[in-house]
$ cat upload-v2.cif   # mmCIF, C-alpha atoms and all ligand atoms
data_data
#
loop_
_atom_site.label_atom_id
_atom_site.label_comp_id
_atom_site.auth_asym_id
_atom_site.auth_seq_id
_atom_site.Cartn_x
_atom_site.Cartn_y
_atom_site.Cartn_z
CA MET A 1 -3.51 -21.27 -8.56
CA GLN A 2 -1.50 -20.06 -11.55
CA THR A 3 -1.27 -16.25 -11.66
CA GLU A 4 -1.77 -14.90 -15.17
CA LEU A 5 0.24 -11.82 -16.26
CA LEU A 6 -2.04 -9.73 -18.49
CA CYS A 7 -0.09 -7.46 -20.88
CA PRO A 8 -2.24 -4.71 -22.47
CA THR A 9 0.64 -3.53 -24.68
CA ARG A 10 0.84 -6.97 -26.35
CA ASP A 11 -2.73 -8.20 -25.98
CA ASP A 12 -5.77 -6.05 -26.86
CA THR A 13 -8.05 -8.17 -24.71
CA ALA A 14 -5.99 -7.89 -21.49
CA LEU A 15 -7.96 -5.06 -19.86
CA ALA A 16 -11.29 -6.64 -20.78
CA ARG A 17 -10.07 -9.92 -19.26
CA ALA A 18 -9.15 -8.10 -16.01
CA ALA A 19 -12.60 -6.45 -15.95
CA THR A 20 -14.32 -9.80 -16.57
CA LEU A 21 -12.45 -11.39 -13.66
CA LEU A 22 -13.43 -8.46 -11.41
CA ARG A 23 -17.07 -8.71 -12.44
CA ALA A 24 -16.94 -12.42 -11.68
CA GLY A 25 -15.92 -11.70 -8.08
CA GLU A 26 -12.18 -12.32 -8.48
CA VAL A 27 -9.23 -10.23 -7.31
CA VAL A 28 -6.77 -8.75 -9.83
CA GLY A 29 -3.50 -6.85 -9.43
CA ILE A 30 -3.87 -3.53 -11.24
CA PRO A 31 -1.43 -0.70 -11.95
CA THR A 32 -2.21 2.82 -10.72
CA GLU A 33 -0.07 5.96 -10.84
CA THR A 34 0.84 5.56 -7.14
CA VAL A 35 1.41 1.84 -6.47
CA TYR A 36 -0.14 -1.40 -7.77
CA GLY A 37 -3.50 -2.19 -6.18
CA LEU A 38 -5.16 -5.51 -5.45
CA GLY A 39 -8.63 -4.86 -6.84
CA ALA A 40 -12.03 -6.47 -6.30
CA ASN A 41 -15.65 -5.37 -6.74
CA ALA A 42 -16.14 -3.02 -3.77
CA LEU A 43 -19.84 -3.88 -3.57
CA ASP A 44 -19.32 -7.67 -3.41
CA GLU A 45 -18.52 -8.84 0.13
CA THR A 46 -17.26 -12.24 -0.97
CA ALA A 47 -14.90 -10.70 -3.52
CA VAL A 48 -13.61 -8.14 -0.98
CA ARG A 49 -12.93 -10.91 1.56
CA LYS A 50 -10.56 -12.46 -1.02
CA ILE A 51 -8.44 -9.27 -0.87
CA PHE A 52 -8.05 -9.55 2.90
CA ALA A 53 -7.23 -13.25 2.59
CA ALA A 54 -4.62 -12.86 -0.18
CA LYS A 55 -2.81 -10.02 1.62
CA GLY A 56 -3.19 -11.37 5.16
CA ARG A 57 -4.70 -7.98 5.98
CA PRO A 58 -6.42 -7.27 9.33
CA GLN A 59 -10.21 -7.05 8.85
CA ASP A 60 -10.49 -3.66 10.55
CA ASN A 61 -8.28 -1.95 7.98
CA PRO A 62 -10.63 -0.26 5.47
CA LEU A 63 -10.09 -0.37 1.70
CA ILE A 64 -9.99 2.58 -0.67
CA VAL A 65 -12.74 2.47 -3.30
CA HIS A 66 -11.65 3.47 -6.80
CA ILE A 67 -14.02 5.06 -9.31
CA ALA A 68 -13.67 5.95 -12.99
CA HIS A 69 -15.82 9.12 -13.05
CA LEU A 70 -16.74 11.86 -10.58
CA GLN A 71 -20.42 11.03 -11.25
CA ASP A 72 -19.83 7.69 -9.49
CA MET A 73 -19.15 9.44 -6.17
CA PRO A 74 -22.65 10.45 -4.90
CA ALA A 75 -24.02 6.87 -4.88
CA LEU A 76 -21.21 5.66 -2.66
CA CYS A 77 -21.19 8.31 0.06
CA MET A 78 -23.42 10.80 1.90
CA ASP A 79 -23.39 14.41 3.13
CA ILE A 80 -20.84 15.45 0.50
CA PRO A 81 -19.42 18.85 1.50
CA THR A 82 -18.34 21.49 -1.04
CA ALA A 83 -14.74 20.76 0.00
CA ALA A 84 -15.00 17.30 -1.59
CA TYR A 85 -15.86 18.83 -4.95
CA GLN A 86 -13.11 21.43 -4.55
CA LEU A 87 -10.57 18.66 -3.92
CA ALA A 88 -11.91 16.53 -6.77
CA GLU A 89 -11.73 19.49 -9.11
CA ALA A 90 -8.14 20.26 -8.12
CA PHE A 91 -6.63 16.78 -7.81
CA TRP A 92 -8.77 14.13 -9.56
CA PRO A 93 -7.91 12.11 -11.48
CA GLY A 94 -4.85 11.65 -9.29
CA PRO A 95 -3.21 10.46 -6.08
CA LEU A 96 -5.77 11.71 -3.54
CA THR A 97 -8.21 9.67 -1.43
CA ILE A 98 -11.14 11.56 0.10
CA ILE A 99 -12.91 10.06 3.11
CA LEU A 100 -16.63 10.74 3.49
CA PRO A 101 -19.56 9.16 5.34
CA LYS A 102 -20.38 5.97 3.40
CA SER A 103 -23.71 5.16 1.76
CA THR A 104 -25.44 1.85 2.44
CA ARG A 105 -24.14 0.52 -0.90
CA ILE A 106 -20.65 0.12 0.60
CA PRO A 107 -20.52 -3.10 2.64
CA TYR A 108 -18.91 -2.94 6.09
CA VAL A 109 -16.39 -5.54 4.93
CA THR A 110 -15.06 -2.93 2.48
CA SER A 111 -15.05 -0.09 5.03
CA GLY A 112 -13.41 -2.22 7.73
CA GLY A 113 -16.51 -1.76 9.88
CA LEU A 114 -16.37 2.06 9.69
CA ASP A 115 -19.25 4.35 8.67
CA THR A 116 -16.96 6.14 6.22
CA VAL A 117 -15.45 5.30 2.85
CA GLY A 118 -12.28 6.49 1.13
CA LEU A 119 -12.81 7.33 -2.54
CA ARG A 120 -10.19 7.83 -5.21
CA LEU A 121 -10.31 8.51 -8.94
CA PRO A 122 -6.92 7.32 -10.23
CA SER A 123 -5.20 8.92 -13.22
CA HIS A 124 -3.53 5.77 -14.59
CA PRO A 125 -5.26 5.12 -17.95
CA MET A 126 -5.26 1.33 -17.47
CA ALA A 127 -6.76 1.59 -13.98
CA ARG A 128 -9.52 3.86 -15.23
CA GLU A 129 -10.24 1.67 -18.23
CA ILE A 130 -10.44 -1.47 -16.07
CA ILE A 131 -12.89 0.23 -13.66
CA ARG A 132 -14.92 1.58 -16.57
CA LEU A 133 -15.13 -1.85 -18.21
CA ALA A 134 -15.92 -3.59 -14.92
CA GLN A 135 -18.78 -1.11 -14.36
CA VAL A 136 -18.42 -1.41 -10.59
CA PRO A 137 -16.36 0.57 -8.06
CA ILE A 138 -13.11 -1.24 -7.31
CA ALA A 139 -11.81 -1.66 -3.75
CA ALA A 140 -8.02 -1.82 -3.85
CA PRO A 141 -5.37 -1.74 -1.19
CA SER A 142 -1.72 -1.75 -2.21
CA ALA A 143 -0.94 -5.16 -3.77
CA ASN A 144 1.66 -6.27 -1.22
CA LEU A 145 1.51 -8.86 1.54
CA SER A 146 0.34 -7.01 4.65
CA GLY A 147 3.27 -5.28 6.39
CA ARG A 148 5.61 -5.49 3.37
CA PRO A 149 6.68 -2.51 1.26
CA SER A 150 4.08 -1.52 -1.34
CA THR A 151 4.39 -2.78 -4.90
CA THR A 152 5.41 -0.42 -7.71
CA THR A 153 5.93 -2.98 -10.50
CA ALA A 154 3.98 -6.02 -11.68
CA GLN A 155 7.00 -8.12 -10.67
CA HIS A 156 6.71 -6.88 -7.06
CA VAL A 157 3.07 -8.03 -7.09
CA LEU A 158 4.11 -11.46 -8.38
CA ASP A 159 6.88 -11.63 -5.75
CA ASP A 160 4.27 -11.24 -2.99
CA LEU A 161 1.09 -12.74 -4.42
CA ALA A 162 1.91 -15.24 -7.22
CA GLY A 163 -0.18 -18.36 -6.71
CA LYS A 164 -2.67 -16.51 -4.49
CA ILE A 165 -4.46 -14.38 -7.10
CA PRO A 166 -5.67 -15.21 -10.62
CA ALA A 167 -4.11 -12.26 -12.51
CA VAL A 168 -1.93 -9.15 -12.53
CA VAL A 169 -2.06 -6.46 -15.22
CA GLU A 170 1.38 -5.36 -16.47
CA GLY A 171 1.31 -1.55 -16.51
CA GLY A 172 5.00 -0.73 -16.12
CA ALA A 173 6.55 1.04 -13.14
CA CYS A 174 4.28 3.39 -11.19
CA THR A 175 5.09 7.05 -11.84
CA VAL A 176 4.43 8.49 -8.36
CA GLY A 177 5.82 5.56 -6.38
CA VAL A 178 4.21 6.31 -2.99
CA GLU A 179 0.52 5.82 -2.24
CA SER A 180 -2.23 8.39 -2.46
CA THR A 181 -2.67 11.14 0.10
CA VAL A 182 -5.57 10.29 2.43
CA ILE A 183 -7.66 13.18 3.76
CA THR A 184 -10.86 12.87 5.77
CA LEU A 185 -13.73 15.32 5.34
CA ALA A 186 -15.85 13.37 7.83
CA LEU A 187 -14.56 15.46 10.77
CA PRO A 188 -15.34 19.12 11.60
CA THR A 189 -11.94 20.16 10.15
CA PRO A 190 -10.33 18.36 7.19
CA ARG A 191 -7.54 16.13 8.44
CA LEU A 192 -4.56 14.60 6.65
CA LEU A 193 -4.39 10.90 7.61
CA ARG A 194 -1.63 9.79 5.26
CA PRO A 195 0.78 11.99 3.26
CA GLY A 196 1.17 10.91 -0.36
CA GLY A 197 1.29 12.03 -3.96
CA ILE A 198 -0.63 15.27 -3.29
CA THR A 199 1.22 17.42 -0.76
CA LEU A 200 -0.12 19.00 2.44
CA GLU A 201 0.76 22.40 0.98
CA GLN A 202 -1.40 21.66 -2.11
CA LEU A 203 -4.33 20.65 0.13
CA GLN A 204 -3.95 23.80 2.22
CA GLU A 205 -4.02 25.92 -0.92
CA VAL A 206 -7.47 24.56 -1.75
CA LEU A 207 -8.98 24.13 1.74
CA GLY A 208 -7.16 26.58 4.01
CA THR A 209 -6.78 24.84 7.36
CA VAL A 210 -5.92 21.13 7.29
CA ASP A 211 -5.20 19.27 10.54
CA VAL A 212 -2.45 16.66 10.54
CA ASP A 213 -3.17 13.34 12.24
CA ARG A 214 -0.74 12.46 15.03
CA ALA A 215 -0.23 8.99 13.54
CA LEU A 216 1.97 10.67 10.92
CA HIS A 217 4.64 11.37 13.46
CA GLU A 218 4.45 8.75 16.15
CA LYS A 219 4.08 5.04 16.59
CA ILE A 220 0.53 4.10 17.51
CA SER A 221 0.02 1.15 19.83
CA ASP A 222 -2.26 -1.66 18.70
CA ASP A 223 -5.05 -0.87 21.16
CA THR A 224 -5.30 2.84 20.30
CA ARG A 225 -8.27 4.02 18.24
CA VAL A 226 -6.92 5.84 15.21
CA SER A 227 -8.53 7.75 12.38
CA ALA A 228 -6.87 5.62 9.68
CA PRO A 229 -6.61 2.09 11.03
CA GLY A 230 -3.80 1.31 8.58
CA MET A 231 -1.54 3.78 10.37
CA LYS A 232 -1.19 1.61 13.47
CA TYR A 233 0.20 -1.46 11.73
CA ARG A 234 3.92 -2.06 11.09
CA HIS A 235 4.34 -1.19 7.49
CA TYR A 236 6.62 -0.99 4.51
CA ALA A 237 9.17 -2.94 6.47
CA PRO A 238 12.05 -4.99 5.12
CA ARG A 239 12.94 -8.00 7.31
CA ALA A 240 15.99 -6.35 8.90
CA PRO A 241 15.30 -3.51 11.35
CA VAL A 242 15.66 0.00 9.90
CA ILE A 243 17.08 3.03 11.72
CA VAL A 244 16.37 6.44 10.20
CA VAL A 245 18.94 9.17 10.63
CA ARG A 246 17.53 12.67 10.22
CA GLY A 247 19.59 15.79 9.66
CA ASN A 248 21.45 17.36 6.78
CA PRO A 249 22.87 14.84 4.28
CA ALA A 250 26.56 15.47 5.06
CA ASP A 251 26.00 15.01 8.81
CA THR A 252 23.79 11.95 8.51
CA ALA A 253 26.19 10.25 6.08
CA GLN A 254 29.06 10.92 8.47
CA TYR A 255 27.07 9.53 11.41
CA ILE A 256 26.08 6.39 9.49
CA ARG A 257 29.74 5.80 8.55
CA THR A 258 30.59 5.57 12.25
CA GLN A 259 27.82 3.00 12.89
CA THR A 260 28.26 0.45 10.12
CA ASP A 261 29.90 -2.93 10.05
CA CYS A 262 30.04 -5.69 7.42
CA ASP A 263 26.39 -6.75 7.67
CA THR A 264 24.83 -3.28 7.72
CA GLY A 265 22.64 -2.09 4.85
CA ILE A 266 22.68 1.59 3.92
CA LEU A 267 19.94 3.48 2.11
CA CYS A 268 21.38 6.82 1.08
CA PHE A 269 21.09 9.76 -1.29
CA ASP A 270 22.93 9.31 -4.61
CA GLU A 271 25.66 11.82 -3.85
CA CYS A 272 26.49 10.19 -0.49
CA ALA A 273 27.20 6.72 -1.94
CA PRO A 274 30.95 7.34 -2.50
CA LEU A 275 31.34 7.82 1.26
CA PHE A 276 30.33 4.19 1.79
CA GLU A 277 32.73 2.60 -0.72
CA GLN A 278 33.88 0.06 1.89
CA ASN A 279 30.35 -1.20 2.46
CA SER A 280 28.84 -3.90 0.22
CA PHE A 281 25.18 -3.21 0.89
CA VAL A 282 24.67 0.39 -0.15
CA ARG A 283 21.52 1.29 -2.09
CA THR A 284 20.72 4.80 -3.32
CA PHE A 285 17.23 6.24 -3.77
CA GLY A 286 17.71 9.54 -5.62
CA ALA A 287 19.58 12.79 -5.07
CA ALA A 288 19.05 14.59 -1.75
CA GLU A 289 17.15 17.39 -3.49
CA ASP A 290 15.08 15.11 -5.75
CA VAL A 291 12.09 13.94 -3.69
CA HIS A 292 10.26 12.77 -6.83
CA ALA A 293 13.05 10.29 -7.57
CA GLN A 294 13.04 9.25 -3.91
CA ALA A 295 9.27 8.63 -3.95
CA ASN A 296 9.73 6.67 -7.13
CA GLN A 297 12.43 4.37 -5.79
CA ILE A 298 11.77 4.01 -2.06
CA PHE A 299 9.66 0.85 -2.11
CA ASP A 300 11.83 -0.92 -4.66
CA ARG A 301 14.93 -0.25 -2.54
CA LEU A 302 13.24 -1.34 0.70
CA ARG A 303 12.25 -4.57 -1.05
CA GLU A 304 15.77 -5.06 -2.39
CA PHE A 305 17.21 -5.22 1.13
CA ASP A 306 15.31 -8.47 1.63
CA THR A 307 17.54 -10.06 -0.99
CA LEU A 308 20.70 -9.02 0.90
CA PRO A 309 22.22 -10.64 4.01
CA VAL A 310 21.89 -7.51 6.16
CA GLN A 311 21.17 -7.49 9.90
CA ARG A 312 20.13 -3.84 10.13
CA ILE A 313 19.69 -0.92 7.78
CA PHE A 314 20.54 2.75 8.26
CA ALA A 315 18.54 5.18 6.12
CA GLN A 316 18.87 8.82 5.21
CA CYS A 317 15.63 10.74 4.90
CA PRO A 318 14.48 13.99 3.21
CA PRO A 319 13.04 17.00 5.11
CA GLU A 320 9.28 16.88 5.72
CA ASN A 321 8.06 19.43 3.23
CA GLY A 322 6.28 18.87 -0.09
CA LEU A 323 6.51 15.27 -1.29
CA GLY A 324 9.32 14.84 1.28
CA LEU A 325 6.62 14.41 3.97
CA ALA A 326 5.34 11.26 2.25
CA VAL A 327 8.82 9.82 1.61
CA SER A 328 9.91 10.59 5.15
CA ASN A 329 6.72 9.01 6.57
CA ARG A 330 7.28 5.77 4.62
CA ILE A 331 10.88 5.50 5.81
CA ALA A 332 9.89 6.30 9.42
CA LYS A 333 7.18 3.63 9.26
CA ALA A 334 9.58 1.10 7.75
CA ALA A 335 11.76 1.85 10.79
CA GLY A 336 8.84 1.55 13.22
CA PHE A 337 9.70 5.17 14.13
CA SER A 338 13.22 4.20 15.25
CA ILE A 339 14.74 7.61 14.45
CA VAL A 340 18.04 9.29 15.31
CA THR A 341 17.84 13.06 14.86
CA LEU A 342 21.17 14.86 14.49
CA THR A 343 21.57 18.52 15.25
CA HIS A 344 24.26 20.05 13.05
CA LYS A 345 26.71 20.18 15.97
CA GLU A 346 26.37 16.48 16.86
CA GLY A 347 26.74 15.44 13.25
CA ALA A 348 29.83 17.56 12.73
CA LYS A 349 31.73 16.04 15.69
O1 LIG B 401 -2.41 4.97 -3.71
C1 LIG B 401 -3.19 4.29 -3.04
O2 LIG B 401 -3.95 4.78 -2.19
C2 LIG B 401 -3.18 2.77 -3.26
C3 LIG B 401 -3.67 2.52 -4.68
C4 LIG B 401 -3.86 1.07 -4.98
O3 LIG B 401 -4.82 3.25 -4.92
N1 LIG B 401 -3.98 2.11 -2.28
C5 LIG B 401 -3.58 2.02 -0.98
O4 LIG B 401 -4.46 1.34 -0.16
O5 LIG B 401 -2.55 2.50 -0.57
P1 LIG B 401 -4.03 0.77 1.27
O6 LIG B 401 -5.18 -0.05 1.70
O7 LIG B 401 -2.73 0.10 1.18
O8 LIG B 401 -3.96 2.04 2.17
C6 LIG B 401 -5.15 2.73 2.49
C7 LIG B 401 -4.99 3.53 3.75
C8 LIG B 401 -4.95 2.65 4.98
O9 LIG B 401 -4.05 3.24 5.92
C9 LIG B 401 -6.39 2.70 5.48
O10 LIG B 401 -6.48 2.48 6.88
C10 LIG B 401 -6.80 4.11 5.10
O11 LIG B 401 -6.15 4.37 3.88
N2 LIG B 401 -8.26 4.21 4.88
C11 LIG B 401 -9.00 3.67 3.89
N3 LIG B 401 -10.31 3.91 4.08
C12 LIG B 401 -10.41 4.63 5.21
C13 LIG B 401 -11.49 5.17 5.96
N4 LIG B 401 -12.75 5.03 5.58
N5 LIG B 401 -11.21 5.84 7.11
C14 LIG B 401 -9.93 5.98 7.51
N6 LIG B 401 -8.86 5.49 6.86
C15 LIG B 401 -9.08 4.82 5.73
MG MG B 402 -0.92 -0.50 1.82
#
$ encode --input "upload-v2.cif" --output "structure tokens"
Amino acid sequence: MQTELLCPTRDDTALARAATLLRAGEVVGIPTETVYGLGANALDETAVRKIFAAKGRPQDNPLIVHIAHLQDMPALCMDIPTAAYQLAEAFWPGPLTIILPKSTRIPYVTSGGLDTVGLRLPSHPMAREIIRLAQVPIAAPSANLSGRPSTTTAQHVLDDLAGKIPAVVEGGACTVGVESTVITLALPTPRLLRPGGITLEQLQEVLGTVDVDRALHEKISDDTRVSAPGMKYRHYAPRAPVIVVRGNPADTAQYIRTQTDCDTGILCFDECAPLFEQNSFVRTFGAAEDVHAQANQIFDRLREFDTLPVQRIFAQCPPENGLGLAVSNRIAKAAGFSIVTLTHKEGAK
């Protein structure tokens, strides 16, 4: 199959064409503010199965359902608590997915067999227009091959899925760069399942207490039942193994210097790059203090290492507050939670 690149800035009919394909039961790569999604009609089991097939995604990993208007929410879920409206009011349209008990309209194929559904109202104008024109809710996981880093440009989508899907919409680079925050309201206390574009601190401001799922901080074995099935799979990973080094930037850079040889990749903060002048495979992902830049660049850099002849990759990592929690989580997952934590004393040796 030839994958068509639809360019709304050059072609007025591009978004309508994407919507027509979606209505016809096809899958389409679509830009959102977080990452590119691989969309299909969330209510059409056959269409949704094509998403799982194209990505090679395990069937028990539920899909997020994207809507264009808040009014679309009640038909898709049940027992909506006030907290859902408070979150929607504060953060929609935007990078937040809210999990609620699903209505019968959502097929189990879409929900990965669960009785809940994750809903998100994206802020990207093209995403919203496509959903509006398609007139159906759109199920969309990140548009990468399962296990690979998420896609933040149309080119990334083509790199992974060209020939497997009929079309991708060119919407430029994603502004957030990491996926949406996933919170479940289907438990007695709201629980953060995946950190993302909306921070834990922002959620706490609206809801008060928010539990944090343990899958954020540890590797979950394949046979463990988890709240967000996606959290147990190896994710975001370049081909070479990644080792995360936590600690202050000066210490971690110093530590990494002592570990590298000629086939080591290094992912570091901008200001640390000069320390690795001898190394050919250094990639930077923003200044140590600039987590927005880091979020924006992390997936592109992880993908870039696959084009380099590296045997292993050392990565610096921001502290886990604000958007840093999401960036840090993606790097830890890329490393399969292979983490070296330096205390200041060790690093200074
Ligand atoms: O920013 C995003 O969320 C992007 C864009 C395209 O919207 N989508 C995305 O989808 O990241 P995906 O499938 O790559 O990640 C969704 C995560 C998975 O870890 C999945 O297990 C979890 O959300 N999830 C989805 N529905 C769920 C549910 N009903 N219960 C628990 N976890 C759920
Ligand atoms: Mg994904």
$ residues_near_ligand --input "upload-v2.cif" --ligand "ligand LIG 401 (chain B)" --cutoff "6 Å" --atoms "all atoms listed in the file" --output "ChimeraX atom specification"
/A:34-37,61-64,99,111,116-118,140-142,179-180,227-231
$ closest_residue --input "upload-v2.cif" --among "A:Ile298, A:Ile183, A:Ile30, A:Ala143" --to "ligand MG 402 (chain B)" --atoms "only C-alpha atoms and all ligand atoms"
A:Ala143
$ closest_residue --input "upload-v2.cif" --among "A:Val340, A:Leu38, A:Ile106, A:Met78" --to "ligand MG 402 (chain B)" --atoms "only C-alpha atoms and all ligand atoms"
A:Leu38
$ residues_around --input "upload-v2.cif" --residues "range 159-170 of chain A" --least-positions-apart "3" --cutoff "6 Å" --atoms "only C-alpha atoms" --output "JSON, numbers by chain"
{"A": [1, 2, 3, 4, 5, 6, 7, 28, 29, 30, 54, 144, 145, 154, 156]}
$ closest_residue --input "upload-v2.cif" --among "A:Glu33, A:Asp79, A:Asp72, A:Asp213" --to "Arg194 in chain A" --atoms "only C-alpha atoms"
A:Asp213
$ atom_distance --input "upload-v2.cif" --atom1 "CA of Cys272 in chain A" --atom2 "CA of Asn248 in chain A"
11.4 Å
$ atom_distance --input "upload-v2.cif" --atom1 "CA of Gly25 in chain A" --atom2 "CA of Gln155 in chain A"
23.3 Å
$ closest_residue --input "upload-v2.cif" --among "A:Ser150, A:Gln135, A:Thr97, A:Gln59" --to "ligand MG 402 (chain B)" --atoms "all atoms listed in the file"
A:Ser150
$ closest_residue --input "upload-v2.cif" --among "A:Pro58, A:Gly171, A:Gly147, A:Pro95" --to "ligand MG 402 (chain B)" --atoms "all atoms listed in the file"
A:Gly147
$ closest_residue --input "upload-v2.cif" --among "A:Leu119, A:Gln71, A:Arg17, A:Val109" --to "Lys50 in chain A" --atoms "all atoms listed in the file"
A:Val109
